[in-house]
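Peer 1: mmCIF, C-alpha atoms, saved as entry-v7.cif, coming up:
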data_run
#
loop_
_atom_site.label_atom_id
_atom_site.label_comp_id
_atom_site.auth_asym_id
_atom_site.auth_seq_id
_atom_site.Cartn_x
_atom_site.Cartn_y
_atom_site.Cartn_z
CA MET A 1 53.80 138.99 220.83
CA HIS A 2 53.70 135.39 221.92
CA ILE A 3 56.97 134.00 223.25
CA GLY A 4 57.12 130.30 223.90
CA PRO A 5 58.68 127.07 222.79
CA VAL A 6 58.94 126.69 219.05
CA PRO A 7 57.01 123.62 217.87
CA VAL A 8 59.13 120.94 216.23
CA ARG A 9 57.74 119.94 212.87
CA PHE A 10 58.14 116.57 211.19
CA LEU A 11 60.12 118.28 208.40
CA ASP A 12 62.55 119.64 211.01
CA ILE A 13 63.28 116.11 212.17
CA ILE A 14 63.84 114.99 208.56
CA ASP A 15 66.12 117.99 208.04
CA ILE A 16 68.27 117.08 211.08
CA ILE A 17 68.50 113.44 210.03
CA LEU A 18 69.57 114.32 206.48
CA VAL A 19 72.23 116.78 207.67
CA ALA A 20 73.55 114.24 210.20
CA PHE A 21 73.68 111.58 207.49
CA LEU A 22 75.50 113.93 205.11
CA MET A 23 78.07 114.92 207.74
CA TYR A 24 78.64 111.27 208.66
CA GLN A 25 79.28 110.30 205.04
CA ILE A 26 81.71 113.19 204.65
CA TYR A 27 83.52 112.04 207.80
CA LEU A 28 83.80 108.48 206.44
CA LEU A 29 85.28 109.79 203.19
CA ILE A 30 87.99 111.91 204.77
CA LYS A 31 88.70 109.73 207.81
CA GLY A 32 92.29 108.55 207.86
CA SER A 33 93.46 110.94 205.12
CA ILE A 34 95.27 114.26 205.22
CA ALA A 35 91.98 115.92 204.23
CA ILE A 36 90.68 115.56 207.79
CA TYR A 37 93.19 118.18 208.99
CA ILE A 38 92.21 120.57 206.21
CA PHE A 39 88.55 120.07 207.12
CA ILE A 40 89.25 120.84 210.80
CA THR A 41 91.17 123.99 209.82
CA VAL A 42 88.28 125.18 207.65
CA LEU A 43 85.85 124.62 210.52
CA ALA A 44 88.16 126.53 212.88
CA PHE A 45 88.27 129.52 210.48
CA TRP A 46 84.49 129.48 210.17
CA ALA A 47 83.99 129.30 213.96
CA LEU A 48 86.44 132.19 214.50
CA TRP A 49 84.70 134.32 211.87
CA TRP A 50 81.29 133.61 213.42
CA LEU A 51 82.57 134.74 216.84
CA VAL A 52 84.23 138.01 215.72
CA LYS A 53 82.09 139.15 212.78
CA ASP A 54 79.91 141.47 214.92
CA ASN A 55 82.62 142.81 217.25
CA LEU A 56 85.95 142.93 215.43
CA MET A 57 84.95 144.44 212.10
CA LEU A 58 88.36 144.42 210.41
CA LEU A 59 89.26 140.86 211.40
CA GLY A 60 85.73 139.71 210.63
CA SER A 61 85.91 141.31 207.18
CA ILE A 62 89.23 139.62 206.42
CA LEU A 63 88.01 136.22 207.59
CA GLY A 64 84.78 136.70 205.66
CA GLN A 65 86.72 137.31 202.44
CA ILE A 66 88.87 134.23 203.10
CA ILE A 67 85.81 132.09 203.69
CA SER A 68 83.97 133.38 200.59
CA VAL A 69 86.98 132.66 198.35
CA GLY A 70 87.70 129.49 200.29
CA VAL A 71 84.63 127.74 198.91
CA ILE A 72 86.38 127.42 195.54
CA ALA A 73 89.60 126.35 197.25
CA ILE A 74 87.73 123.68 199.19
CA ILE A 75 86.29 122.27 195.96
CA VAL A 76 89.79 122.09 194.49
CA VAL A 77 91.43 120.61 197.60
CA PHE A 78 88.66 118.11 198.27
CA GLN A 79 88.16 117.12 194.63
CA PRO A 80 89.02 113.43 195.22
CA GLU A 81 86.74 113.27 198.25
CA LEU A 82 83.88 114.98 196.40
CA ARG A 83 84.34 112.55 193.52
CA ARG A 84 84.19 109.61 195.90
CA PHE A 85 81.12 111.05 197.65
CA LEU A 86 79.22 111.44 194.36
CA LEU A 87 80.37 107.98 193.32
CA LEU A 88 79.14 106.56 196.61
CA ILE A 89 75.71 108.12 196.10
CA GLY A 90 75.52 106.91 192.50
CA THR A 91 76.75 103.36 193.01
CA ARG A 92 75.77 102.44 196.56
CA TYR A 93 72.31 104.00 196.75
CA LEU A 94 70.92 104.84 193.30
CA THR A 95 71.83 101.52 191.72
CA LYS A 96 70.09 99.67 194.53
CA THR A 97 66.86 101.38 193.48
CA GLY A 98 67.31 100.18 189.90
CA ILE A 99 68.18 103.64 188.56
CA SER A 100 70.92 103.34 185.92
CA LEU A 101 71.61 104.25 182.32
CA ASP A 102 71.59 100.57 181.42
CA ASN A 103 68.00 100.31 182.63
CA LEU A 104 66.91 103.54 180.98
CA PHE A 105 68.65 102.88 177.66
CA PRO A 106 69.11 99.12 177.26
CA SER A 107 71.41 98.09 174.46
CA SER A 108 70.76 94.96 172.43
CA LEU A 109 73.83 95.51 170.24
CA ASN A 110 76.32 94.84 173.04
CA PRO A 111 74.64 92.49 175.51
CA LYS A 112 76.34 92.17 178.87
CA ARG A 113 78.10 88.84 179.31
CA ASP A 114 78.65 87.25 182.70
CA VAL A 115 82.07 87.27 184.31
CA PRO A 116 83.54 83.71 184.37
CA VAL A 117 83.69 83.54 188.14
CA ASN A 118 84.83 79.90 188.28
CA SER A 119 87.95 80.63 186.23
CA ILE A 120 88.86 83.66 188.32
CA VAL A 121 88.40 81.88 191.65
CA GLN A 122 90.33 78.82 190.46
CA ALA A 123 93.21 81.04 189.34
CA CYS A 124 93.19 82.75 192.75
CA ILE A 125 93.28 79.39 194.54
CA ASN A 126 96.23 78.19 192.47
CA MET A 127 98.17 81.45 192.81
CA ALA A 128 97.52 81.58 196.56
CA LYS A 129 98.93 78.05 196.95
CA ASN A 130 102.05 79.03 194.98
CA ARG A 131 102.26 82.44 196.68
CA THR A 132 102.08 84.25 193.38
CA GLY A 133 101.31 87.93 193.87
CA ALA A 134 98.33 89.18 191.88
CA LEU A 135 96.10 92.22 191.48
CA ILE A 136 92.81 91.62 189.64
CA VAL A 137 90.29 94.39 188.94
CA LEU A 138 86.66 93.54 188.18
CA LYS A 139 84.73 96.37 186.56
CA ARG A 140 81.26 97.33 187.77
CA LYS A 141 79.70 100.63 186.64
CA SER A 142 82.59 103.11 186.84
CA PRO A 143 84.64 103.54 183.65
CA LEU A 144 88.23 102.32 183.89
CA ASP A 145 89.52 103.66 180.58
CA ASN A 146 92.37 105.69 182.07
CA TYR A 147 93.67 102.69 183.98
CA GLU A 148 93.31 100.40 180.97
CA GLN A 149 95.39 102.76 178.83
CA SER A 150 98.19 102.73 181.42
CA GLY A 151 98.83 99.05 180.65
CA ASP A 152 98.81 96.68 177.69
CA ILE A 153 95.46 96.05 175.99
CA LEU A 154 94.78 92.31 175.57
CA ASP A 155 91.02 91.90 175.08
CA ALA A 156 91.44 88.16 175.67
CA THR A 157 88.93 85.58 176.89
CA VAL A 158 89.17 84.96 180.63
CA SER A 159 90.64 81.61 181.68
CA ASN A 160 92.40 80.53 184.86
CA ARG A 161 95.47 79.41 182.91
CA LEU A 162 95.82 82.77 181.19
CA ILE A 163 95.45 84.67 184.48
CA GLU A 164 98.08 82.46 186.13
CA SER A 165 100.41 82.89 183.15
CA ILE A 166 100.12 86.67 183.27
CA PHE A 167 101.03 86.83 186.97
CA ASN A 168 103.87 84.33 186.68
CA LYS A 169 106.94 86.17 187.97
CA TYR A 170 108.77 85.49 184.70
CA SER A 171 106.00 87.06 182.61
CA PRO A 172 106.63 90.60 181.33
CA LEU A 173 103.00 91.42 182.21
CA HIS A 174 103.04 90.32 185.86
CA ASP A 175 103.94 93.70 187.35
CA GLY A 176 100.72 95.67 187.68
CA ALA A 177 96.98 95.05 187.68
CA LEU A 178 94.80 92.90 185.46
CA ILE A 179 91.47 94.47 184.44
CA ILE A 180 88.53 92.19 183.66
CA ILE A 181 85.37 93.51 181.98
CA ASN A 182 82.54 91.02 181.52
CA ASP A 183 84.14 87.86 180.08
CA LYS A 184 87.28 89.56 178.74
CA ILE A 185 90.69 90.35 180.16
CA ARG A 186 90.75 93.91 178.93
CA ALA A 187 94.29 94.90 179.93
CA ALA A 188 97.30 93.81 181.97
CA ARG A 189 100.26 95.57 183.60
CA CYS A 190 97.97 98.47 184.52
CA VAL A 191 98.95 101.20 186.97
CA LEU A 192 96.51 101.91 189.81
CA PRO A 193 96.43 104.91 192.18
CA LEU A 194 97.85 104.32 195.65
CA SER A 195 95.71 105.13 198.67
CA ASP A 196 96.93 108.03 200.85
CA ASN A 197 95.13 106.66 203.92
CA PHE A 198 97.75 106.82 206.68
CA GLU A 199 95.71 104.52 208.95
CA LEU A 200 96.41 101.46 206.80
CA PRO A 201 98.48 98.74 208.52
CA ALA A 202 102.22 98.94 207.94
CA ASN A 203 102.28 95.39 206.53
CA TYR A 204 100.16 96.42 203.53
CA GLY A 205 102.32 96.47 200.43
CA LEU A 206 101.88 98.31 197.15
CA ARG A 207 99.33 95.79 195.86
CA HIS A 208 97.01 96.29 198.82
CA ARG A 209 97.40 100.08 198.73
CA ALA A 210 96.75 100.13 194.98
CA ALA A 211 93.63 98.00 195.43
CA ILE A 212 92.31 100.34 198.12
CA GLY A 213 93.30 103.39 196.08
CA LEU A 214 91.30 102.28 193.04
CA THR A 215 88.23 101.41 195.11
CA GLU A 216 88.38 104.86 196.70
CA GLU A 217 87.98 106.40 193.24
CA THR A 218 85.73 103.85 191.50
CA ASP A 219 83.17 101.20 192.39
CA ALA A 220 85.35 98.34 191.09
CA LEU A 221 86.04 95.16 193.03
CA VAL A 222 89.75 94.33 193.37
CA ILE A 223 91.21 90.95 194.33
CA VAL A 224 94.66 90.92 195.91
CA ILE A 225 96.86 87.88 196.45
CA SER A 226 99.81 88.41 198.75
CA GLU A 227 103.16 87.19 197.48
CA GLU A 228 104.47 86.91 201.06
CA THR A 229 101.59 85.03 202.73
CA GLY A 230 99.45 83.70 199.87
CA GLU A 231 96.36 85.25 201.47
CA ILE A 232 93.46 86.41 199.30
CA SER A 233 91.95 89.83 200.01
CA LEU A 234 89.04 91.69 198.46
CA ALA A 235 88.89 95.50 198.24
CA GLU A 236 85.68 97.48 197.83
CA THR A 237 84.69 101.14 198.49
CA GLY A 238 88.05 101.96 200.05
CA ARG A 239 88.11 98.98 202.40
CA ILE A 240 89.87 95.64 202.20
CA ARG A 241 89.34 92.33 203.95
CA ARG A 242 90.76 88.84 203.85
CA VAL A 243 88.56 86.17 202.29
CA ASP A 244 88.84 82.49 201.54
CA SER A 245 88.00 80.97 198.17
CA LYS A 246 84.43 80.03 199.17
CA VAL A 247 83.58 83.53 200.35
CA LEU A 248 85.22 85.02 197.26
CA PHE A 249 83.13 82.78 195.00
CA ARG A 250 79.88 83.70 196.76
CA ILE A 251 80.60 87.42 196.48
CA LEU A 252 81.57 87.26 192.81
CA GLU A 253 78.68 84.95 191.98
CA LYS A 254 76.19 87.33 193.57
CA GLU A 255 77.75 90.37 191.89
CA PHE A 256 78.57 89.18 188.39
CA ILE A 257 76.41 86.19 187.47
CA SER A 258 72.93 86.98 186.24
CA ARG A 259 69.94 85.01 187.52
CA LYS A 260 69.20 83.83 184.00
CA ALA A 261 72.69 82.36 183.69
CA ALA A 262 72.53 80.91 187.20
#
Could you express the structure from this file as structure tokens?
Peer 2:
Amino acid sequence: MHIGPVPVRFLDIIDIILVAFLMYQIYLLIKGSIAIYIFITVLAFWALWWLVKDNLMLLGSILGQIISVGVIAIIVVFQPELRRFLLLIGTRYLTKTGISLDNLFPSSLNPKRDVPVNSIVQACINMAKNRTGALIVLKRKSPLDNYEQSGDILDATVSNRLIESIFNKYSPLHDGALIIINDKIRAARCVLPLSDNFELPANYGLRHRAAIGLTEETDALVIVISEETGEISLAETGRIRRVDSKVLFRILEKEFISRKAA
């Protein structure tokens, strides 16, 4: 029987890289949330079971039963994180390869119309100058039906004057989010989920937390205008950053204006 170093195959290297990538993505999803503590606890149970399973039969049997049933519990507890992980794979990686239902089953009955980026950016500039708080959602691939139904359906043509009127503090529709799909304001006064990330800065208000919360669950872009400072921020994939009007226009132009229209 030959005993010696085990040769490392190319597939072994690929295997290690894929597992490392998967673990890193899981860490990014649960970082800063309460789920990180649950994940650490699960790992501690698994490590303890692995150490005692061959020596302490009774304890090992109990921990083994907990771990076997715990798989279902993990799926339930980590349901938001699993949803975000699958969304990340579908929107960040698959769509970059051109794989989508729109490409496989193109529809000529409802052609996609470009988002009027100029009107949106101009409204943001005006509201930022006047320090008018705003929360604007721009739909990508993920459905937003549940969030649309939480507000008032408008289905109105996008214009900077209409956006500014909606977020005027005397408007009955100003409290909540505005959802834009293609060239239409689909709904206003919509309720968005708040992020439970406890690492967010203390100066982030409900608008910023709602913007981050929605982008943790969908692939939408969310524009936030601070009522206190007049600063414009852009949220995407659970992260938010401050932008000026020029940067905002470039991002929206690249994302929502087709080459044919440009």
Peer 1: May I have the residues within 10 Å of Ile163 in chain A as a ChimeraX atom specification, using only C-alpha atoms and disregarding those fewer than 6 positions away in the same chain?
Peer 2: /A:119-120,122-124,127,134,136,174,178,185,188
Peer 1: Do you have the CA of Ile232 in chain A-CA of Thr132 in chain A distance handy?
Peer 2: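 One can read the CA of Ile232 in chain A to CA of Thr132 in chain A distance as 10.7 Å.
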Peer 1: Between CA of Pro7 in chain A and CA of Leu51 in chain A, what is the distance, to one decimal in Å?
Peer 2: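 According to the coordinates, CA of Pro7 in chain A and CA of Leu51 in chain A are separated by 27.9 Å.
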Peer 1: So how many Å separate CA of Leu221 in chain A and CA of Glu255 in chain A, to one decimal?
Peer 2: 9.6 Å
Peer 1: Which of these residues is nearest to Asn182 in chain A, using all atoms listed in the file: A:Val117, A:Leu200, A:Leu214, A:Leu48?
Peer 2: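 Smallest distance to Asn182 in chain A is found for A:Val117.
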